[in-house]
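The structure file coords14.txt is reproduced below (compact mmCIF, C-alpha atoms).
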# COMPACT_ATOMS: atom_id res chain seq x y z
CA TYR A 206 -140.02 17.26 -9.06
CA ARG A 207 -141.18 15.88 -5.74
CA ASN A 208 -140.64 19.11 -3.76
CA LYS A 209 -143.66 20.58 -5.56
CA LEU A 210 -145.78 18.25 -3.42
CA CYS A 211 -144.54 19.90 -0.21
CA ARG A 212 -146.10 23.05 1.25
CA SER A 213 -142.68 24.63 1.67
CA TYR A 214 -139.50 24.16 -0.33
CA SER A 215 -136.89 23.42 2.31
CA PHE A 216 -133.31 22.25 2.57
CA LYS A 217 -134.47 19.10 4.38
CA SER A 218 -136.78 17.97 1.57
CA ARG A 219 -134.22 19.00 -1.05
CA LEU A 220 -131.53 16.87 0.64
CA PHE A 221 -133.94 13.95 1.06
CA GLY A 222 -134.72 14.23 -2.67
CA ILE A 223 -131.06 14.23 -3.63
CA TYR A 224 -130.46 11.05 -1.63
CA GLN A 225 -133.51 9.41 -3.24
CA PHE A 226 -132.22 10.40 -6.69
CA VAL A 227 -128.84 8.78 -5.95
CA PHE A 228 -130.51 5.70 -4.41
CA ASP A 229 -132.70 5.28 -7.48
CA HIS A 230 -129.60 5.35 -9.68
CA LEU A 231 -127.68 2.87 -7.53
CA LEU A 232 -130.58 0.46 -7.10
CA SER A 233 -131.70 0.51 -10.74
CA GLU A 234 -128.14 -0.15 -11.92
CA GLN A 235 -128.20 -3.45 -10.05
CA TYR A 236 -131.32 -5.13 -11.50
CA ASP A 237 -129.50 -7.08 -14.21
CA HIS A 238 -126.34 -7.70 -12.20
CA PRO A 239 -125.60 -11.43 -11.62
CA SER A 240 -124.76 -10.83 -7.96
CA PRO A 241 -126.39 -7.57 -6.82
CA ILE A 242 -124.52 -5.31 -4.45
CA GLU A 243 -126.11 -5.49 -1.00
CA SER A 244 -124.41 -2.50 0.69
CA TRP A 245 -123.03 0.88 -0.32
CA VAL A 246 -120.83 3.42 1.43
CA ILE A 247 -122.13 6.94 0.87
CA LEU A 248 -119.70 9.79 1.54
CA GLU A 249 -120.73 13.36 0.98
CA ASP A 250 -118.34 15.39 -1.14
CA ASP A 251 -117.41 17.70 1.75
CA VAL A 252 -116.15 14.95 4.08
CA MET A 253 -112.47 14.42 4.86
CA LEU A 254 -111.26 10.92 5.74
CA LEU A 255 -109.11 11.19 8.90
CA ASP A 256 -108.32 7.54 9.66
CA PRO A 257 -108.35 5.28 6.56
CA GLU A 258 -107.35 2.14 8.45
CA GLY A 259 -109.96 2.73 11.18
CA PHE A 260 -112.56 3.40 8.49
CA ARG A 261 -111.70 0.09 6.82
CA GLU A 262 -111.91 -1.78 10.14
CA GLU A 263 -115.31 -0.30 10.98
CA LEU A 264 -116.59 -0.98 7.47
CA LEU A 265 -115.55 -4.63 7.68
CA TYR A 266 -117.19 -4.89 11.11
CA ALA A 267 -120.48 -3.43 9.81
CA LEU A 268 -120.45 -5.67 6.72
CA HIS A 269 -119.60 -8.78 8.75
CA HIS A 270 -122.55 -8.11 11.09
CA LYS A 271 -124.87 -7.31 8.15
CA LEU A 272 -125.93 -3.98 9.62
CA CYS A 273 -128.69 -2.17 7.71
CA PHE A 274 -127.19 1.23 8.45
CA TYR A 275 -123.97 2.39 10.08
CA SER A 276 -122.67 5.95 10.48
CA PHE A 277 -118.94 6.63 10.27
CA HIS A 278 -119.47 10.15 11.61
CA LYS A 279 -119.18 10.47 15.40
CA THR A 280 -121.81 12.98 16.50
CA GLN A 281 -121.50 12.87 20.28
CA PRO A 282 -118.59 12.33 22.69
CA ASP A 283 -119.88 9.30 24.60
CA GLY A 284 -122.81 7.87 22.67
CA CYS A 285 -122.99 4.92 20.32
CA LEU A 286 -126.46 5.46 18.82
CA TYR A 287 -127.14 7.34 15.61
CA GLN A 288 -128.81 10.70 16.18
CA TRP A 289 -128.20 12.83 13.09
CA GLY A 290 -125.97 13.49 10.10
CA THR A 291 -125.48 12.07 6.62
CA GLN A 292 -121.78 12.75 6.15
CA ALA A 293 -120.50 9.17 5.86
CA GLN A 294 -122.52 6.00 6.23
CA LEU A 295 -123.06 2.41 5.14
CA TRP A 296 -126.48 1.65 3.61
CA SER A 297 -127.87 -1.84 3.08
CA ARG A 298 -130.03 -2.49 0.03
CA LYS A 299 -133.03 -3.01 2.33
CA MET A 300 -132.58 0.35 4.11
CA MET A 301 -131.88 2.15 0.84
CA GLU A 302 -135.05 0.74 -0.75
CA ARG A 303 -137.12 1.64 2.32
CA THR A 304 -135.80 5.21 2.24
CA PHE A 305 -136.36 5.52 -1.49
CA HIS A 306 -140.04 4.54 -1.17
CA VAL A 307 -141.11 6.87 1.68
CA SER A 308 -144.50 8.57 1.52
CA ASN A 309 -144.84 12.17 0.39
CA ASP A 310 -145.86 13.13 3.93
CA THR A 311 -142.62 11.73 5.36
CA TYR A 312 -140.53 13.24 2.58
CA CYS A 313 -141.95 16.72 3.12
CA ARG A 314 -142.01 16.60 6.92
CA LEU A 315 -138.76 14.98 8.04
CA PRO A 316 -135.10 15.55 7.28
CA ILE A 317 -133.47 12.36 5.98
CA ASP A 318 -131.37 11.91 9.12
CA MET A 319 -134.47 12.04 11.35
CA TYR A 320 -136.17 9.49 9.08
CA ILE A 321 -133.14 7.21 9.42
CA ALA A 322 -133.08 7.61 13.22
CA GLN A 323 -136.77 6.62 13.45
CA HIS A 324 -136.02 3.21 11.95
CA GLY A 325 -133.13 2.39 14.28
CA PRO A 326 -131.57 2.06 16.64
CA TRP A 327 -128.51 2.36 14.42
CA TYR A 328 -124.95 2.51 15.60
CA VAL A 329 -122.18 5.01 15.03
CA THR A 330 -118.44 4.82 15.27
CA GLN A 331 -116.73 5.67 18.53
CA ARG A 332 -113.68 6.99 16.67
CA GLU A 333 -112.94 10.17 14.77
CA LEU A 334 -112.90 8.64 11.29
CA VAL A 335 -114.21 11.53 9.20
CA ARG A 336 -114.67 15.28 9.48
CA HIS A 337 -117.37 17.33 7.83
CA VAL A 338 -115.49 20.28 6.33
CA GLY A 339 -118.20 21.82 4.12
CA LYS A 340 -120.58 24.67 4.67
CA ARG A 341 -124.21 24.88 3.63
CA PHE A 342 -124.88 27.49 0.98
CA SER A 343 -128.17 29.38 0.83
CA GLN A 344 -128.60 29.19 -2.95
CA ILE A 345 -128.40 25.60 -4.21
CA SER A 346 -130.01 24.42 -7.39
CA PRO A 347 -131.36 20.87 -6.99
CA TYR A 348 -130.85 20.29 -10.73
CA ASN A 349 -127.13 21.15 -10.54
CA ILE A 350 -126.57 19.03 -7.44
CA THR A 351 -128.24 15.95 -8.85
CA THR A 352 -126.51 16.38 -12.22
CA ASP A 353 -123.14 16.68 -10.49
CA LEU A 354 -123.89 13.63 -8.35
CA MET A 355 -124.76 11.56 -11.40
CA THR A 356 -121.46 12.40 -13.09
CA THR A 357 -119.41 11.51 -10.02
CA THR A 358 -121.38 8.57 -8.59
CA THR A 359 -120.28 5.06 -9.47
CA SER A 360 -121.50 1.75 -8.24
CA GLN A 361 -118.47 -0.51 -7.93
CA PRO A 362 -118.38 -3.67 -5.83
CA MET A 363 -116.28 -3.34 -2.68
CA LYS A 364 -113.29 -5.68 -2.43
Let me see whether you can do it: turn the structure in this file into structure tokens.
Amino acid sequence: YRNKLCRSYSFKSRLFGIYQFVFDHLLSEQYDHPSPIESWVILEDDVMLLDPEGFREELLYALHHKLCFYSFHKTQPDGCLYQWGTQAQLWSRKMMERTFHVSNDTYCRLPIDMYIAQHGPWYVTQRELVRHVGKRFSQISPYNITTDLMTTTTSQPMK
């Protein structure tokens, strides 16, 4: 397990590892596909969709403009640049592969959202499309989280 390479076992490296586990699954599923999927929408399980039509419009906009990363979670009242958060976002294959292959130093040192922000600028929605309704628990088993993710994660082409 990659966290053993870090000096301290932290939530930030655990979350980064979970995303890399999911990315590995999504990317490896696509190797033999005749037309590989180039973008994925990742929604955390504790996110509530507030505006389905607005979400669809923003998704189509991001896909049309071939954005590498786009956040559907508005984090500041007046800004349009991504600063933090992994609640709901669009990932391109290129950005997903780059994030999957980060060095151990980066993995141990940075939270995933700060890693994403370093490779921007990325844009965020200006609308309230989703709401993060979950709470962080102090005792989380990485094995249980990744097992649960694998049973609920599918890689279906978007229509």
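Taking only C-alpha atoms into account, those protein, DNA and RNA residues with any atom at most 9 Å away from (-116.4, 8.4, 17.1) amount to Phe277, His278, Lys279, Thr280, Gln281, Pro282, Asp283, Gly284, Cys285, Val329, Thr330, Gln331, Arg332, Glu333, Leu334 and Val335 of chain A.
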Those residues you just picked out, can you put them in a file as a tab-separated table (two decimals), in the coordinates of the input with C-alpha atoms?
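And here is the file that came out, part.tsv:
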chain	number	residue	atom	x	y	z
A	277	PHE	CA	-118.94	6.63	10.27
A	278	HIS	CA	-119.47	10.15	11.61
A	279	LYS	CA	-119.18	10.47	15.40
A	280	THR	CA	-121.81	12.98	16.50
A	281	GLN	CA	-121.50	12.87	20.28
A	282	PRO	CA	-118.59	12.33	22.69
A	283	ASP	CA	-119.88	9.30	24.60
A	284	GLY	CA	-122.81	7.87	22.67
A	285	CYS	CA	-122.99	4.92	20.32
A	329	VAL	CA	-122.18	5.01	15.03
A	330	THR	CA	-118.44	4.82	15.27
A	331	GLN	CA	-116.73	5.67	18.53
A	332	ARG	CA	-113.68	6.99	16.67
A	333	GLU	CA	-112.94	10.17	14.77
A	334	LEU	CA	-112.90	8.64	11.29
A	335	VAL	CA	-114.21	11.53	9.20
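Between Ile242 in chain A and the residues A:Arg303, A:Leu220, A:Arg298, A:Asp310, the shortest atom-to-atom distance, using all atoms listed in the file, involves A:Arg298.
Across the model, the gap from CA of Pro316 in chain A to CA of Lys217 in chain A is 4.6 Å.
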Pick from A:Cys273, A:Leu231, A:Val338, A:Leu265: nearest to Met300 in chain A, with only C-alpha atoms counted? A:Cys273
Selection: 9 Å around Arg336 in chain A, only C-alpha atoms, excl. self and same-chain fewer than 5 positions, as a VMD selection string: chain A and resid 251 to 255 278 to 279 292
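Distance annotation: of A:Gln294, A:Ser244, A:Gln323, A:Gln225, the residue with the minimal separation from Glu263 in chain A is A:Gln294; atom set is all atoms listed in the file.
Going from CA of Phe228 in chain A over to CA of Glu243 in chain A, you cover 12.5 Å.
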Measuring atom to atom with all atoms listed in the file, identify which of A:Tyr320, A:Trp296, A:Gly290, A:Asp250 is nearest to Leu268 in chain A. A:Trp296
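The shortest atom-to-atom distance to Tyr328 in chain A, with all atoms listed in the file taken into account, belongs to A:Leu295 out of A:Leu295, A:Ile223, A:Leu248, A:Leu232.
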So, with only C-alpha atoms as the atoms that count, which of A:Arg314, A:Lys271, A:His337, A:Arg261 lies closest to Phe216 in chain A? A:Arg314
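Atom pair CA of His306 in chain A / CA of Ile247 in chain A has a distance of 18.2 Å (rounded to one decimal).
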Atoms added to range 227-257 of chain A (N, CA and C atoms), reported as a compact mmCIF listing (two decimals), keeping the file's coordinate frame:
# COMPACT_ATOMS: atom_id res chain seq x y z
N VAL A 227 -130.04 9.62 -5.93
CA VAL A 227 -128.84 8.78 -5.95
C VAL A 227 -129.21 7.32 -5.69
N PHE A 228 -130.09 7.07 -4.72
CA PHE A 228 -130.51 5.70 -4.41
C PHE A 228 -131.19 5.05 -5.61
N ASP A 229 -132.04 5.80 -6.29
CA ASP A 229 -132.70 5.28 -7.48
C ASP A 229 -131.67 4.86 -8.52
N HIS A 230 -130.67 5.67 -8.72
CA HIS A 230 -129.60 5.35 -9.68
C HIS A 230 -128.84 4.09 -9.26
N LEU A 231 -128.45 4.02 -8.01
CA LEU A 231 -127.68 2.87 -7.53
C LEU A 231 -128.50 1.59 -7.57
N LEU A 232 -129.74 1.65 -7.13
CA LEU A 232 -130.58 0.46 -7.10
C LEU A 232 -130.97 -0.01 -8.50
N SER A 233 -131.28 0.91 -9.40
CA SER A 233 -131.70 0.51 -10.74
C SER A 233 -130.53 -0.05 -11.55
N GLU A 234 -129.32 0.37 -11.24
CA GLU A 234 -128.14 -0.15 -11.92
C GLU A 234 -127.92 -1.62 -11.62
N GLN A 235 -128.48 -2.11 -10.53
CA GLN A 235 -128.20 -3.45 -10.05
C GLN A 235 -129.19 -4.52 -10.49
N TYR A 236 -130.29 -4.15 -11.16
CA TYR A 236 -131.32 -5.13 -11.50
C TYR A 236 -130.83 -6.29 -12.35
N ASP A 237 -129.97 -6.03 -13.31
CA ASP A 237 -129.50 -7.08 -14.21
C ASP A 237 -128.16 -7.67 -13.79
N HIS A 238 -127.65 -7.25 -12.67
CA HIS A 238 -126.34 -7.70 -12.20
C HIS A 238 -126.45 -9.13 -11.70
N PRO A 239 -125.51 -10.03 -12.07
CA PRO A 239 -125.60 -11.43 -11.62
C PRO A 239 -125.55 -11.60 -10.11
N SER A 240 -124.78 -10.77 -9.43
CA SER A 240 -124.76 -10.83 -7.96
C SER A 240 -124.90 -9.39 -7.46
N PRO A 241 -126.14 -8.96 -7.19
CA PRO A 241 -126.39 -7.57 -6.82
C PRO A 241 -125.60 -7.13 -5.59
N ILE A 242 -125.20 -5.90 -5.60
CA ILE A 242 -124.52 -5.31 -4.45
C ILE A 242 -125.55 -5.15 -3.34
N GLU A 243 -125.18 -5.53 -2.12
CA GLU A 243 -126.11 -5.49 -1.00
C GLU A 243 -125.86 -4.31 -0.06
N SER A 244 -124.72 -3.63 -0.18
CA SER A 244 -124.41 -2.50 0.69
C SER A 244 -123.58 -1.48 -0.07
N TRP A 245 -123.79 -0.22 0.28
CA TRP A 245 -123.03 0.88 -0.32
C TRP A 245 -122.53 1.79 0.78
N VAL A 246 -121.35 2.36 0.56
CA VAL A 246 -120.83 3.42 1.43
C VAL A 246 -121.12 4.73 0.72
N ILE A 247 -121.79 5.62 1.41
CA ILE A 247 -122.13 6.94 0.87
C ILE A 247 -121.32 7.97 1.65
N LEU A 248 -120.47 8.70 0.95
CA LEU A 248 -119.70 9.79 1.54
C LEU A 248 -120.10 11.07 0.84
N GLU A 249 -120.44 12.08 1.60
CA GLU A 249 -120.73 13.36 0.98
C GLU A 249 -119.43 13.97 0.48
N ASP A 250 -119.53 14.85 -0.49
CA ASP A 250 -118.34 15.39 -1.14
C ASP A 250 -117.56 16.36 -0.26
N ASP A 251 -118.10 16.76 0.87
CA ASP A 251 -117.41 17.70 1.75
C ASP A 251 -116.97 17.01 3.05
N VAL A 252 -116.61 15.74 2.94
CA VAL A 252 -116.15 14.95 4.08
C VAL A 252 -114.69 14.58 3.88
N MET A 253 -113.89 14.77 4.91
CA MET A 253 -112.47 14.42 4.86
C MET A 253 -112.25 13.13 5.67
N LEU A 254 -111.59 12.18 5.07
CA LEU A 254 -111.26 10.92 5.74
C LEU A 254 -110.04 11.15 6.63
N LEU A 255 -110.19 10.94 7.94
CA LEU A 255 -109.11 11.19 8.90
C LEU A 255 -108.31 9.94 9.23
N ASP A 256 -108.96 8.78 9.23
CA ASP A 256 -108.32 7.54 9.66
C ASP A 256 -108.71 6.42 8.69
N PRO A 257 -107.99 6.29 7.56
CA PRO A 257 -108.35 5.28 6.56
C PRO A 257 -108.36 3.85 7.10
